[in-house]
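See structure below.
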Amino acid sequence: MSREISHAGMADIGIDLPGSTLSKVVSDLQTTRPGPGLLRFFASTLLMFFFLAISWQFNTTEFGYYAFAVIAGLFFAASAVTTHDAIHHTLTGLELFDELSARVVTWPAFWPHGLYSELHKLHHKMNGVDLRDPERVTHTEAEYAAAGPVKRFYIRNQLLIAVFVAGGIGMIAGHLLQARKFFRQSRALRRQLAYDVIGILILNGALYSLAAYHGHLGKAVLLYFFIERVGGGLLQFRAHIEHYGLSGKRANYFATQLHTCRNIKTNVVMSWLMNGLNFHSIHHAFPKVPFYHLEEATQRMNALLESNKAEAMPHANGYVRTFARLSGSMKLLGDNSPAYIQAPAATME
């Protein structure tokens, strides 16, 4: 496996436009209408419950149980992605609905949504410039040098392990470990974790008690396992493709976010599954742009950058192709400081 190191420095940085110029081009796209988000949430969530119900009709000795559980896992991932938009209140723009709907999807999966919400807000502030970023997926050269044999093996094979081994449980555990760094400073983080623990215990206690009462506890646990493996693996897949190997402080906050996220050219089905987050740069720079405007906003930004001969945003072709390429090389950040710069040549994929 090859090793690629992104070294910090200003020499190769492309032209960055002023933040006011970048924000102006998408300023009219930052109002959220409830309709598209309501349709997206209920479509993916009802399909998930539909296939869960079909799976439940089969015995665990029958193929149909597993086949429909896998399909339900796919729609769980599609539904779980909407909870990301709910954090920014750009799913429907109805804050109470966004907050409650996210927990309806995540708490049965033991996912602490409130905790993740607070971590994700920090991620938007720290992405690309601060090693404390709780969602940073790229290790530094110093971290690799200091790691033992087991951790080095993990870093060398990080994407494959994250998707096919760690899955949803690994992502949940990672959020809990990252949250420990901020517990002392953030009362909101502690409060949200308490709410999550109470909600998860009450909801899952009721669900699994009901399953046990009817003699189906093992069947329910196995069903959760399939949802966690399939859905969690897809969420890991998305998280790594969006940011792996990209970092670097630019001339302003908006430019930093535009150039430390990867945009994926993909088909309509995958874009729907990811809820438009394949247009990730715009989301990071302007999180108030709702998912159904991300493609148009990206087109506008591309045109603006091209017309001003500024550096293009990072882009790649296809999720599977990009995953195969990224998992074939280990990417490290080459300077143990928060001010990384990603060279222009490395961002045009």
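Ordered as shown in the structure tokens, chains take letters A, B, and onward, while each chain numbers its residues from 1 and ligands are numbered from 1 in the order shown.
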
Residues near Tyr116 (chain A), cut-off 8 Å, only C-alpha atoms, skip fewer than 4 positions along chain, as a VMD selection string: chain A and resid 112 120 175

Using only C-alpha atoms, which protein or nucleic acid residues come within 12 Å of Leu160 (chain A)? Drop anything in the same chain fewer than 2 positions from it, and give the result as a VMD selection string. chain A and resid 153 to 158 162 to 167 233 to 234 236 to 237 240 to 241 323 to 330

Separation of CA of Ala220 (chain A) from CA of Ile54 (chain A), in Å and rounded to one decimal: 13.3 Å

Computed gap from CA of Pro287 (chain A) to CA of Ser20 (chain A) is 15.7 Å

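CA of Val104 (chain A) to CA of Lys181 (chain A) spans 27.3 Å [interatomic distance, one decimal].
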
Residue neighbourhood Gly64 (chain A), 12 Å, only C-alpha atoms, exclusion window fewer than 6 positions, as a ChimeraX atom specification: /A:51-58,70-72

Go ahead and save the picked residues with C-alpha atoms, as a PDB file, in the first residue's frame.
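Below is the file out15.pdb, written as the result:
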```
ATOM      1  CA  PHE A  51     -38.974  -3.850   4.839  1.00  0.00           C
ATOM      2  CA  LEU A  52     -38.386  -4.409   8.557  1.00  0.00           C
ATOM      3  CA  ALA A  53     -41.983  -5.573   8.845  1.00  0.00           C
ATOM      4  CA  ILE A  54     -41.600  -7.929   5.875  1.00  0.00           C
ATOM      5  CA  SER A  55     -38.358  -9.327   7.301  1.00  0.00           C
ATOM      6  CA  TRP A  56     -40.113  -9.956  10.616  1.00  0.00           C
ATOM      7  CA  GLN A  57     -42.675 -12.189   8.888  1.00  0.00           C
ATOM      8  CA  PHE A  58     -39.976 -14.774   8.143  1.00  0.00           C
ATOM      9  CA  VAL A  70     -30.420  -6.059   4.276  1.00  0.00           C
ATOM     10  CA  ILE A  71     -32.836  -3.948   2.215  1.00  0.00           C
ATOM     11  CA  ALA A  72     -34.139  -2.384   5.427  1.00  0.00           C
TER      12      ALA A  72
END
```

DSSP-assigned alpha helix (DSSP H) among region 75-293 of chain A, expressed as a count of residues only: 143

For Gly218 (chain A), please output as a PyMOL selection string all residues within 10 Å (counting only C-alpha atoms; exclusion window: fewer than 5 positions along the same chain). chain A and resi 60+208+211-212+223-224

How about saving the chosen residues, N, CA and C atoms kept, as a short mmCIF file (atom, residue, chain, number, x, y, z; two decimals), in the first residue's frame?
```
data_model
loop_
_atom_site.label_atom_id
_atom_site.label_comp_id
_atom_site.auth_asym_id
_atom_site.auth_seq_id
_atom_site.Cartn_x
_atom_site.Cartn_y
_atom_site.Cartn_z
N THR A 60 -35.94 -16.93 11.28
CA THR A 60 -34.50 -16.69 11.10
C THR A 60 -33.83 -17.81 10.31
N TYR A 208 -37.34 -4.25 23.20
CA TYR A 208 -36.78 -5.58 23.41
C TYR A 208 -37.54 -6.36 24.48
N ALA A 211 -40.36 -7.80 22.53
CA ALA A 211 -39.88 -8.94 21.74
C ALA A 211 -39.67 -10.16 22.63
N ALA A 212 -39.10 -9.94 23.82
CA ALA A 212 -38.86 -11.05 24.74
C ALA A 212 -40.17 -11.66 25.24
N LEU A 223 -31.93 -8.93 13.99
CA LEU A 223 -32.39 -7.92 13.04
C LEU A 223 -31.63 -6.62 13.23
N TYR A 224 -31.41 -6.23 14.49
CA TYR A 224 -30.62 -5.03 14.75
C TYR A 224 -29.21 -5.19 14.19
#
```

For Cys261 (chain A), please output as an MDAnalysis selection string all residues within 6 Å (counting only C-alpha atoms; exclusion window: fewer than 4 positions along the same chain). chainID A and resid 242:243 280:281

Export of prior selection with C-alpha atoms as a PDB file, in the first residue's frame:
```pdb
ATOM      1  CA  GLU A 242     -16.190  13.125   2.073  1.00  0.00           C
ATOM      2  CA  HIS A 243     -13.018  14.109   3.941  1.00  0.00           C
ATOM      3  CA  HIS A 280     -20.272  18.326   0.169  1.00  0.00           C
ATOM      4  CA  SER A 281     -18.168  21.465  -0.163  1.00  0.00           C
TER       5      SER A 281
END
```
